[in-house]
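One file, data-v3.cif, is given below (mmCIF, C-alpha atoms; chains and numbers go by the auth columns).
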data_my_file
loop_
_atom_site.group_PDB
_atom_site.id
_atom_site.type_symbol
_atom_site.label_atom_id
_atom_site.label_comp_id
_atom_site.label_asym_id
_atom_site.label_seq_id
_atom_site.Cartn_x
_atom_site.Cartn_y
_atom_site.Cartn_z
_atom_site.B_iso_or_equiv
_atom_site.auth_seq_id
_atom_site.auth_asym_id
ATOM 1 C CA MET A 1 -79.377 -66.589 1.957 0.00 1 A
ATOM 2 C CA THR A 2 -79.672 -70.050 3.420 0.00 2 A
ATOM 3 C CA SER A 3 -80.119 -73.141 1.308 0.00 3 A
ATOM 4 C CA THR A 4 -79.887 -76.886 1.768 0.00 4 A
ATOM 5 C CA ILE A 5 -77.568 -78.648 -0.658 0.00 5 A
ATOM 6 C CA LYS A 6 -77.529 -82.449 -0.885 0.00 6 A
ATOM 7 C CA ARG A 7 -74.206 -82.708 -2.707 0.00 7 A
ATOM 8 C CA SER A 8 -70.954 -80.908 -2.053 0.00 8 A
ATOM 9 C CA ARG A 9 -67.317 -81.279 -2.999 0.00 9 A
ATOM 10 C CA ILE A 10 -66.601 -81.818 0.692 0.00 10 A
ATOM 11 C CA ALA A 11 -67.194 -85.533 0.137 0.00 11 A
ATOM 12 C CA VAL A 12 -68.038 -87.067 3.558 0.00 12 A
ATOM 13 C CA ILE A 13 -65.201 -85.714 5.609 0.00 13 A
ATOM 14 C CA ALA A 14 -64.820 -88.420 8.221 0.00 14 A
ATOM 15 C CA ILE A 15 -63.338 -91.089 6.004 0.00 15 A
ATOM 16 C CA ALA A 16 -66.052 -93.560 6.877 0.00 16 A
ATOM 17 C CA VAL A 17 -64.326 -96.494 5.163 0.00 17 A
ATOM 18 C CA ILE A 18 -62.284 -97.015 8.324 0.00 18 A
ATOM 19 C CA ALA A 19 -64.671 -97.458 11.222 0.00 19 A
ATOM 20 C CA THR A 20 -62.007 -97.082 13.901 0.00 20 A
ATOM 21 C CA ALA A 21 -59.966 -94.272 12.404 0.00 21 A
ATOM 22 C CA GLY A 22 -59.668 -91.105 14.431 0.00 22 A
ATOM 23 C CA CYS A 23 -57.581 -88.154 15.383 0.00 23 A
ATOM 24 C CA GLY A 24 -57.194 -85.340 17.814 0.00 24 A
ATOM 25 C CA GLY A 25 -54.839 -83.022 19.633 0.00 25 A
ATOM 26 C CA GLY A 26 -51.799 -83.602 21.767 0.00 26 A
ATOM 27 C CA GLY A 27 -48.390 -85.120 21.213 0.00 27 A
ATOM 28 C CA ALA A 28 -47.478 -88.719 20.481 0.00 28 A
ATOM 29 C CA SER A 29 -44.804 -89.070 23.163 0.00 29 A
ATOM 30 C CA ASP A 30 -46.896 -89.130 26.355 0.00 30 A
ATOM 31 C CA PRO A 31 -44.911 -91.233 28.890 0.00 31 A
ATOM 32 C CA GLY A 32 -48.115 -92.336 30.612 0.00 32 A
ATOM 33 C CA PRO A 33 -49.767 -95.741 30.216 0.00 33 A
ATOM 34 C CA ALA A 34 -50.700 -96.816 26.709 0.00 34 A
ATOM 35 C CA PRO A 35 -54.383 -97.264 25.830 0.00 35 A
ATOM 36 C CA THR A 36 -55.836 -100.711 25.330 0.00 36 A
ATOM 37 C CA PRO A 37 -54.493 -102.019 22.002 0.00 37 A
ATOM 38 C CA ALA A 38 -57.731 -103.670 20.828 0.00 38 A
ATOM 39 C CA THR A 39 -60.706 -101.951 19.236 0.00 39 A
ATOM 40 C CA VAL A 40 -64.102 -102.881 20.664 0.00 40 A
ATOM 41 C CA ILE A 41 -66.475 -105.148 18.769 0.00 41 A
ATOM 42 C CA LEU A 42 -68.949 -102.897 16.970 0.00 42 A
ATOM 43 C CA ALA A 43 -72.709 -103.448 17.197 0.00 43 A
ATOM 44 C CA ASP A 44 -76.012 -102.455 15.658 0.00 44 A
ATOM 45 C CA GLY A 45 -76.968 -98.931 16.709 0.00 45 A
ATOM 46 C CA ASP A 46 -73.491 -97.713 17.648 0.00 46 A
ATOM 47 C CA GLN A 47 -73.146 -94.018 16.857 0.00 47 A
ATOM 48 C CA TRP A 48 -70.833 -91.047 17.247 0.00 48 A
ATOM 49 C CA GLN A 49 -71.432 -87.319 16.854 0.00 49 A
ATOM 50 C CA TYR A 50 -68.681 -84.773 16.264 0.00 50 A
ATOM 51 C CA SER A 51 -68.390 -81.026 16.040 0.00 51 A
ATOM 52 C CA LEU A 52 -67.145 -80.009 12.590 0.00 52 A
ATOM 53 C CA THR A 53 -65.097 -76.868 12.018 0.00 53 A
ATOM 54 C CA GLY A 54 -62.642 -75.731 9.383 0.00 54 A
ATOM 55 C CA SER A 55 -62.456 -74.373 5.889 0.00 55 A
ATOM 56 C CA GLU A 56 -63.002 -75.395 2.289 0.00 56 A
ATOM 57 C CA VAL A 57 -61.527 -73.808 -0.828 0.00 57 A
ATOM 58 C CA LEU A 58 -63.553 -74.357 -3.982 0.00 58 A
ATOM 59 C CA GLY A 59 -62.765 -72.639 -7.274 0.00 59 A
ATOM 60 C CA GLY A 60 -60.591 -70.085 -5.491 0.00 60 A
ATOM 61 C CA THR A 61 -63.321 -69.160 -2.975 0.00 61 A
ATOM 62 C CA ASN A 62 -62.740 -69.821 0.714 0.00 62 A
ATOM 63 C CA PHE A 63 -65.657 -71.087 2.838 0.00 63 A
ATOM 64 C CA THR A 64 -65.701 -71.239 6.643 0.00 64 A
ATOM 65 C CA LEU A 65 -67.342 -74.453 7.894 0.00 65 A
ATOM 66 C CA ASN A 66 -69.200 -75.012 11.158 0.00 66 A
ATOM 67 C CA GLY A 67 -71.571 -77.847 12.017 0.00 67 A
ATOM 68 C CA THR A 68 -71.728 -81.515 13.003 0.00 68 A
ATOM 69 C CA GLU A 69 -70.918 -84.956 11.704 0.00 69 A
ATOM 70 C CA THR A 70 -72.941 -88.009 12.742 0.00 70 A
ATOM 71 C CA VAL A 71 -71.909 -91.631 12.133 0.00 71 A
ATOM 72 C CA VAL A 72 -74.412 -94.466 12.655 0.00 72 A
ATOM 73 C CA LEU A 73 -73.848 -98.238 12.352 0.00 73 A
ATOM 74 C CA THR A 74 -76.692 -100.505 11.283 0.00 74 A
ATOM 75 C CA ALA A 75 -76.438 -104.311 11.210 0.00 75 A
ATOM 76 C CA THR A 76 -77.398 -105.670 7.801 0.00 76 A
ATOM 77 C CA THR A 77 -76.389 -108.225 5.203 0.00 77 A
ATOM 78 C CA PHE A 78 -74.399 -107.537 2.059 0.00 78 A
ATOM 79 C CA ASN A 79 -74.206 -110.142 -0.698 0.00 79 A
ATOM 80 C CA GLY A 80 -75.749 -112.600 1.761 0.00 80 A
ATOM 81 C CA ALA A 81 -73.154 -112.105 4.525 0.00 81 A
ATOM 82 C CA PRO A 82 -73.396 -110.164 7.826 0.00 82 A
ATOM 83 C CA ALA A 83 -72.166 -106.588 7.525 0.00 83 A
ATOM 84 C CA PHE A 84 -72.456 -103.100 8.951 0.00 84 A
ATOM 85 C CA GLN A 85 -73.955 -100.214 7.029 0.00 85 A
ATOM 86 C CA ILE A 86 -72.085 -97.108 8.174 0.00 86 A
ATOM 87 C CA THR A 87 -73.965 -93.909 7.397 0.00 87 A
ATOM 88 C CA THR A 88 -72.016 -90.660 7.746 0.00 88 A
ATOM 89 C CA THR A 89 -73.884 -87.347 7.600 0.00 89 A
ATOM 90 C CA ASP A 90 -72.169 -83.957 7.618 0.00 90 A
ATOM 91 C CA ASP A 91 -74.569 -81.090 8.408 0.00 91 A
ATOM 92 C CA PHE A 92 -72.875 -77.689 8.414 0.00 92 A
ATOM 93 C CA MET A 93 -72.908 -74.066 7.353 0.00 93 A
ATOM 94 C CA ALA A 94 -70.462 -72.993 4.656 0.00 94 A
ATOM 95 C CA ASN A 95 -70.539 -69.205 4.914 0.00 95 A
ATOM 96 C CA ASP A 96 -74.268 -68.541 4.317 0.00 96 A
ATOM 97 C CA GLN A 97 -75.167 -71.930 2.835 0.00 97 A
ATOM 98 C CA HIS A 98 -76.623 -74.897 4.712 0.00 98 A
ATOM 99 C CA ILE A 99 -75.039 -78.073 3.339 0.00 99 A
ATOM 100 C CA VAL A 100 -75.955 -81.684 4.081 0.00 100 A
ATOM 101 C CA VAL A 101 -73.655 -84.422 2.762 0.00 101 A
ATOM 102 C CA SER A 102 -74.307 -88.127 3.319 0.00 102 A
ATOM 103 C CA GLY A 103 -72.384 -91.250 2.381 0.00 103 A
ATOM 104 C CA ILE A 104 -72.552 -94.965 3.115 0.00 104 A
ATOM 105 C CA ALA A 105 -69.876 -97.624 3.529 0.00 105 A
ATOM 106 C CA TYR A 106 -70.346 -101.363 4.091 0.00 106 A
ATOM 107 C CA GLU A 107 -67.866 -103.149 6.338 0.00 107 A
ATOM 108 C CA SER A 108 -67.427 -106.414 8.208 0.00 108 A
ATOM 109 C CA GLN A 109 -65.573 -107.056 11.465 0.00 109 A
ATOM 110 C CA ASP A 110 -63.871 -110.271 12.537 0.00 110 A
ATOM 111 C CA PRO A 111 -65.263 -111.159 16.011 0.00 111 A
ATOM 112 C CA ILE A 112 -61.965 -112.822 17.022 0.00 112 A
ATOM 113 C CA THR A 113 -59.299 -110.384 15.778 0.00 113 A
ATOM 114 C CA ASN A 114 -61.526 -107.253 15.695 0.00 114 A
ATOM 115 C CA ALA A 115 -60.108 -106.489 12.223 0.00 115 A
ATOM 116 C CA VAL A 116 -62.335 -104.487 9.867 0.00 116 A
ATOM 117 C CA LYS A 117 -62.734 -105.090 6.130 0.00 117 A
ATOM 118 C CA LEU A 118 -64.224 -102.693 3.582 0.00 118 A
ATOM 119 C CA ILE A 119 -66.845 -104.292 1.342 0.00 119 A
ATOM 120 C CA ALA A 120 -68.355 -101.380 -0.594 0.00 120 A
ATOM 121 C CA ASP A 121 -69.081 -97.648 -0.447 0.00 121 A
ATOM 122 C CA THR A 122 -71.128 -94.977 -2.213 0.00 122 A
ATOM 123 C CA ARG A 123 -68.239 -92.887 -3.471 0.00 123 A
ATOM 124 C CA GLY A 124 -68.623 -93.773 -7.125 0.00 124 A
ATOM 125 C CA PRO A 125 -69.777 -91.275 -9.785 0.00 125 A
ATOM 126 C CA GLY A 126 -72.999 -89.603 -8.687 0.00 126 A
ATOM 127 C CA ASN A 127 -72.715 -91.293 -5.265 0.00 127 A
ATOM 128 C CA SER A 128 -73.111 -94.693 -6.895 0.00 128 A
ATOM 129 C CA LEU A 129 -72.201 -97.920 -5.079 0.00 129 A
ATOM 130 C CA ARG A 130 -68.690 -99.291 -5.576 0.00 130 A
ATOM 131 C CA ASN A 131 -68.020 -102.929 -4.612 0.00 131 A
ATOM 132 C CA VAL A 132 -64.529 -103.867 -3.439 0.00 132 A
ATOM 133 C CA THR A 133 -63.114 -106.587 -5.686 0.00 133 A
ATOM 134 C CA ASN A 134 -60.137 -107.487 -3.451 0.00 134 A
ATOM 135 C CA ILE A 135 -61.733 -107.395 0.007 0.00 135 A
ATOM 136 C CA GLN A 136 -58.994 -106.956 2.595 0.00 136 A
ATOM 137 C CA VAL A 137 -58.351 -105.614 6.083 0.00 137 A
ATOM 138 C CA VAL A 138 -58.443 -101.810 6.218 0.00 138 A
ATOM 139 C CA ASN A 139 -58.082 -101.655 10.002 0.00 139 A
ATOM 140 C CA ARG A 140 -56.358 -104.492 11.827 0.00 140 A
ATOM 141 C CA GLY A 141 -58.312 -103.842 15.041 0.00 141 A
ATOM 142 C CA THR A 142 -55.239 -103.436 17.238 0.00 142 A
ATOM 143 C CA PHE A 143 -52.738 -100.625 17.782 0.00 143 A
ATOM 144 C CA GLY A 144 -49.157 -100.244 18.928 0.00 144 A
ATOM 145 C CA THR A 145 -46.413 -97.653 18.562 0.00 145 A
ATOM 146 C CA GLY A 146 -44.589 -98.137 15.277 0.00 146 A
ATOM 147 C CA PHE A 147 -47.322 -100.164 13.584 0.00 147 A
ATOM 148 C CA THR A 148 -47.455 -99.483 9.853 0.00 148 A
ATOM 149 C CA SER A 149 -49.634 -100.756 7.054 0.00 149 A
ATOM 150 C CA LYS A 150 -50.389 -100.053 3.412 0.00 150 A
ATOM 151 C CA SER A 151 -53.232 -101.351 1.299 0.00 151 A
ATOM 152 C CA THR A 152 -54.453 -100.809 -2.240 0.00 152 A
ATOM 153 C CA ILE A 153 -58.179 -101.339 -2.700 0.00 153 A
ATOM 154 C CA THR A 154 -59.772 -101.924 -6.090 0.00 154 A
ATOM 155 C CA PHE A 155 -63.428 -101.398 -6.952 0.00 155 A
ATOM 156 C CA ASP A 156 -65.671 -102.924 -9.584 0.00 156 A
ATOM 157 C CA ASN A 157 -66.015 -99.583 -11.420 0.00 157 A
ATOM 158 C CA GLY A 158 -62.255 -99.445 -12.023 0.00 158 A
ATOM 159 C CA ASP A 159 -61.352 -97.071 -9.177 0.00 159 A
ATOM 160 C CA THR A 160 -58.375 -97.801 -6.936 0.00 160 A
ATOM 161 C CA GLN A 161 -57.494 -96.348 -3.538 0.00 161 A
ATOM 162 C CA THR A 162 -54.193 -96.618 -1.673 0.00 162 A
ATOM 163 C CA ASP A 163 -54.183 -96.127 2.103 0.00 163 A
ATOM 164 C CA GLY A 164 -51.170 -95.849 4.400 0.00 164 A
ATOM 165 C CA GLU A 165 -51.075 -95.910 8.211 0.00 165 A
ATOM 166 C CA ILE A 166 -48.353 -95.126 10.756 0.00 166 A
ATOM 167 C CA VAL A 167 -49.085 -95.364 14.498 0.00 167 A
ATOM 168 C CA GLN A 168 -46.862 -92.667 15.983 0.00 168 A
ATOM 169 C CA GLY A 169 -47.478 -93.185 19.698 0.00 169 A
ATOM 170 C CA HIS A 170 -50.085 -92.467 22.348 0.00 170 A
ATOM 171 C CA THR A 171 -51.376 -89.453 24.257 0.00 171 A
ATOM 172 C CA PHE A 172 -54.364 -88.070 26.160 0.00 172 A
ATOM 173 C CA VAL A 173 -56.798 -85.903 24.181 0.00 173 A
ATOM 174 C CA THR A 174 -59.543 -83.647 25.537 0.00 174 A
ATOM 175 C CA VAL A 175 -62.684 -83.084 23.449 0.00 175 A
ATOM 176 C CA PRO A 176 -66.234 -81.958 24.369 0.00 176 A
ATOM 177 C CA SER A 177 -67.222 -85.473 25.502 0.00 177 A
ATOM 178 C CA GLY A 178 -64.246 -85.909 27.850 0.00 178 A
ATOM 179 C CA THR A 179 -60.559 -86.789 28.049 0.00 179 A
ATOM 180 C CA TYR A 180 -59.402 -89.980 26.324 0.00 180 A
ATOM 181 C CA ASN A 181 -56.241 -92.077 26.226 0.00 181 A
ATOM 182 C CA THR A 182 -55.603 -92.450 22.498 0.00 182 A
ATOM 183 C CA TRP A 183 -53.302 -93.840 19.849 0.00 183 A
ATOM 184 C CA GLN A 184 -51.968 -91.192 17.488 0.00 184 A
ATOM 185 C CA GLU A 185 -51.677 -92.232 13.877 0.00 185 A
ATOM 186 C CA GLN A 186 -51.134 -90.681 10.496 0.00 186 A
ATOM 187 C CA LEU A 187 -53.298 -91.798 7.583 0.00 187 A
ATOM 188 C CA THR A 188 -52.638 -90.993 3.947 0.00 188 A
ATOM 189 C CA LYS A 189 -54.828 -91.714 0.949 0.00 189 A
ATOM 190 C CA ASN A 190 -54.750 -91.240 -2.795 0.00 190 A
ATOM 191 C CA ASP A 191 -57.026 -92.601 -5.493 0.00 191 A
ATOM 192 C CA THR A 192 -57.655 -92.667 -9.214 0.00 192 A
ATOM 193 C CA ASN A 193 -59.984 -89.661 -8.935 0.00 193 A
ATOM 194 C CA ARG A 194 -56.931 -87.589 -7.935 0.00 194 A
ATOM 195 C CA GLU A 195 -58.263 -87.207 -4.406 0.00 195 A
ATOM 196 C CA THR A 196 -55.527 -87.136 -1.771 0.00 196 A
ATOM 197 C CA SER A 197 -55.566 -86.680 1.993 0.00 197 A
ATOM 198 C CA THR A 198 -53.077 -86.558 4.850 0.00 198 A
ATOM 199 C CA ASN A 199 -54.709 -86.832 8.261 0.00 199 A
ATOM 200 C CA VAL A 200 -53.445 -86.966 11.834 0.00 200 A
ATOM 201 C CA LEU A 201 -55.644 -89.245 13.910 0.00 201 A
ATOM 202 C CA TRP A 202 -56.064 -90.023 17.592 0.00 202 A
ATOM 203 C CA VAL A 203 -58.022 -93.243 18.158 0.00 203 A
ATOM 204 C CA ALA A 204 -59.741 -94.292 21.394 0.00 204 A
ATOM 205 C CA PRO A 205 -60.145 -98.079 20.997 0.00 205 A
ATOM 206 C CA GLY A 206 -62.573 -98.161 23.908 0.00 206 A
ATOM 207 C CA VAL A 207 -65.162 -96.161 21.957 0.00 207 A
ATOM 208 C CA GLY A 208 -64.507 -97.911 18.649 0.00 208 A
ATOM 209 C CA ARG A 209 -63.414 -94.868 16.700 0.00 209 A
ATOM 210 C CA PHE A 210 -61.510 -91.600 16.701 0.00 210 A
ATOM 211 C CA VAL A 211 -62.227 -88.883 19.245 0.00 211 A
ATOM 212 C CA LYS A 212 -60.789 -86.054 17.180 0.00 212 A
ATOM 213 C CA ALA A 213 -59.582 -85.688 13.595 0.00 213 A
ATOM 214 C CA ASN A 214 -57.521 -83.203 11.609 0.00 214 A
ATOM 215 C CA VAL A 215 -58.412 -83.913 7.989 0.00 215 A
ATOM 216 C CA ASN A 216 -56.576 -82.315 5.066 0.00 216 A
ATOM 217 C CA GLY A 217 -57.908 -83.332 1.663 0.00 217 A
ATOM 218 C CA ALA A 218 -57.525 -82.110 -1.899 0.00 218 A
ATOM 219 C CA GLN A 219 -58.728 -82.650 -5.449 0.00 219 A
ATOM 220 C CA PRO A 220 -58.101 -80.476 -8.528 0.00 220 A
ATOM 221 C CA GLY A 221 -59.738 -77.113 -7.792 0.00 221 A
ATOM 222 C CA PHE A 222 -60.743 -78.085 -4.254 0.00 222 A
ATOM 223 C CA GLU A 223 -59.260 -78.573 -0.791 0.00 223 A
ATOM 224 C CA ASN A 224 -60.516 -78.814 2.783 0.00 224 A
ATOM 225 C CA HIS A 225 -59.027 -78.529 6.255 0.00 225 A
ATOM 226 C CA ILE A 226 -61.369 -79.984 8.866 0.00 226 A
ATOM 227 C CA THR A 227 -61.287 -80.681 12.599 0.00 227 A
ATOM 228 C CA LEU A 228 -63.738 -83.195 14.069 0.00 228 A
ATOM 229 C CA ALA A 229 -64.096 -83.452 17.878 0.00 229 A
ATOM 230 C CA LEU A 230 -66.254 -86.062 19.613 0.00 230 A
ATOM 231 C CA MET A 231 -69.339 -84.562 21.268 0.00 231 A
ATOM 232 C CA SER A 232 -71.193 -87.758 22.215 0.00 232 A
ATOM 233 C CA THR A 233 -71.152 -91.481 21.561 0.00 233 A
ATOM 234 C CA ASN A 234 -73.270 -94.557 22.169 0.00 234 A
ATOM 235 C CA VAL A 235 -71.238 -97.741 21.722 0.00 235 A
ATOM 236 C CA THR A 236 -72.784 -100.957 23.018 0.00 236 A
ATOM 237 C CA SER A 237 -69.585 -102.812 23.916 0.00 237 A
ATOM 238 C CA SER A 238 -67.450 -99.828 24.912 0.00 238 A
ATOM 239 C CA THR A 239 -64.683 -100.195 27.484 0.00 239 A
ATOM 240 C CA PRO A 240 -63.498 -97.408 29.837 0.00 240 A
ATOM 241 C CA ALA A 241 -61.567 -94.906 27.721 0.00 241 A
ATOM 242 C CA VAL A 242 -61.779 -91.683 29.693 0.00 242 A
ATOM 243 C CA LYS A 243 -58.843 -90.595 31.827 0.00 243 A
ATOM 244 C CA GLN A 244 -59.670 -91.002 35.501 0.00 244 A
#
I'd like the structure from this file rewritten - as structure tokens, please.
Amino acid sequence: MTSTIKRSRIAVIAIAVIATAGCGGGGASDPGPAPTPATVILADGDQWQYSLTGSEVLGGTNFTLNGTETVVLTATTFNGAPAFQITTTDDFMANDQHIVVSGIAYESQDPITNAVKLIADTRGPGNSLRNVTNIQVVNRGTFGTGFTSKSTITFDNGDTQTDGEIVQGHTFVTVPSGTYNTWQEQLTKNDTNRETSTNVLWVAPGVGRFVKANVNGAQPGFENHITLALMSTNVTSSTPAVKQ
């Protein structure tokens, strides 16, 4: 049996609230040259596509996942100010079921510091819009070994979300689209909906996002273990990121 399901407990795997987050394989102690520290300036039409593999456990049943994730940026306005609409779509098979999950986040990026702020997302009840009431930087736009940050975001529906980041070092990572010099970081998250995640990320600043991600998330009665690997990207202001 094959069916298309618009909603799933998988919950937009790629953590779209952080436009430059990312992860991959390899160690964090590569003695080679460090990647550029600054994330590129994002632009209308930027997009990334990843392979998606892993597993999901729901109600004691294990599902094998295989498919793709696509992230697209669209320039827009939000509450009268310039912003990006970031649409993330996961399209995958879970055993014999075809599942499509979509989510939207709204972000802004400082053109001087490259820092990204979260404005709103559609992760409220029933995929409803949640507006951030204490808008703050969720990605500083630069990387360096030993960088750490922690932020607690509050939403107008009463939800809160605490994010932590540790940049562990840098290394080269090979994925279907090539080999990249990346920053390795660990991201943790927990929120008032009892959703938690611990993810190892490898970010290629030159393509504006991660090139591979190991995502481990959980809620009561549900967990997932996902790997995302960059297949293709189209970033307007990209800088050379592939190992020569």
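Atom CA of Gln186 of chain A is found 22.7 Å from atom CA of Pro220 of chain A.
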Exercise for the section: Enumerate, as a count of residues only, the residues matched when the PyMOL selection byres ((chain A and resi 139-149) around 10) is run on the file above. Expected result: 46
Exercise for the section: For each of A:Thr89, A:Ser55, A:Thr233, A:Asn224, take the minimum atom-to-atom distance to Ser177 of chain A, counting all atoms listed in the file, then give the residue where this is smallest. Expected result: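 Using all atoms listed in the file, the shortest distance to Ser177 of chain A belongs to A:Thr233.
Residues matched by the PyMOL selection byres ((chain A and resi 119) around 8) in this file are A:Ala105, A:Tyr106, A:Glu107, A:Ser108, A:Lys117, A:Leu118, A:Ala120, A:Asp121, A:Asn131, A:Val132, A:Ile135.
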Handout entry: Counting all atoms listed in the file, the residue of A:Val175, A:Ile86, A:Leu42, A:Leu129 that sits nearest Pro111 of chain A
Key = A:Leu42
Handout entry: Which residue of A:Val173, A:Leu228, A:Phe222, A:Gly158 approaches Glu69 of chain A most closely, using all atoms listed in the file
Key = A:Leu228
Exercise for the section: List the residues matched by the PyMOL selection byres ((chain A and resi 43-49) around 10) in the displayed structure as a PyMOL selection string, ordered by chain and then by residue number. Expected result: chain A and resi 40-42+50-52+68-76+83-90+109+177+207-211+228-238
Problem - Point-to-point distance from atom CA of Asp159 of chain A to atom CA of Glu223 of chain A, Å rounded to tenths - result: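 Straight-line distance from atom CA of Asp159 of chain A to atom CA of Glu223 of chain A works out to 20.4 Å.
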Problem - Å distance separating atom CA of Gly124 of chain A from atom CA of Thr188 of chain A, one decimal place - result: 19.6 Å
Problem - Shortest interatomic distance to Pro125 of chain A - which of A:Phe172, A:Thr64, A:Thr198, A:Asn193, counting all atoms listed in the file - result: A:Asn193
Exercise for the section: Could you check which of A:Val200, A:Leu65, A:Val215, A:Ile153 is closest to Thr227 of chain A, using all atoms listed in the file? Expected result: A:Val215
Fewer than 2 positions away in the same chain doesn't count, so skip those; otherwise give me all residues within 6 Å of Gln161 of chain A, counting all atoms listed in the file, as a short mmCIF file (atom, residue, chain, number, x, y, z; two decimals) with C-alpha atoms, in the frame of the given file.
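The resulting around-v3.cif:
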data_model
loop_
_atom_site.label_atom_id
_atom_site.label_comp_id
_atom_site.auth_asym_id
_atom_site.auth_seq_id
_atom_site.Cartn_x
_atom_site.Cartn_y
_atom_site.Cartn_z
CA THR A 152 -54.45 -100.81 -2.24
CA ILE A 153 -58.18 -101.34 -2.70
CA ASN A 190 -54.75 -91.24 -2.80
CA ASP A 191 -57.03 -92.60 -5.49
#
Padding 6 Å on every side, please: axis-aligned box over the listed atoms of segment 174-183 of chain A, centre and edge lengths to one decimal in Å, as JSON.
{"center_x": -60.3, "center_y": -87.9, "center_z": 23.9, "size_x": 25.9, "size_y": 23.9, "size_z": 20.2}
Handout entry: Best match for closeness to Ile226 of chain A among A:Lys212, A:Lys189, A:Arg194, A:Arg130, counting only C-alpha atoms
Key =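 Smallest separation from Ile226 of chain A among the options: A:Lys212.
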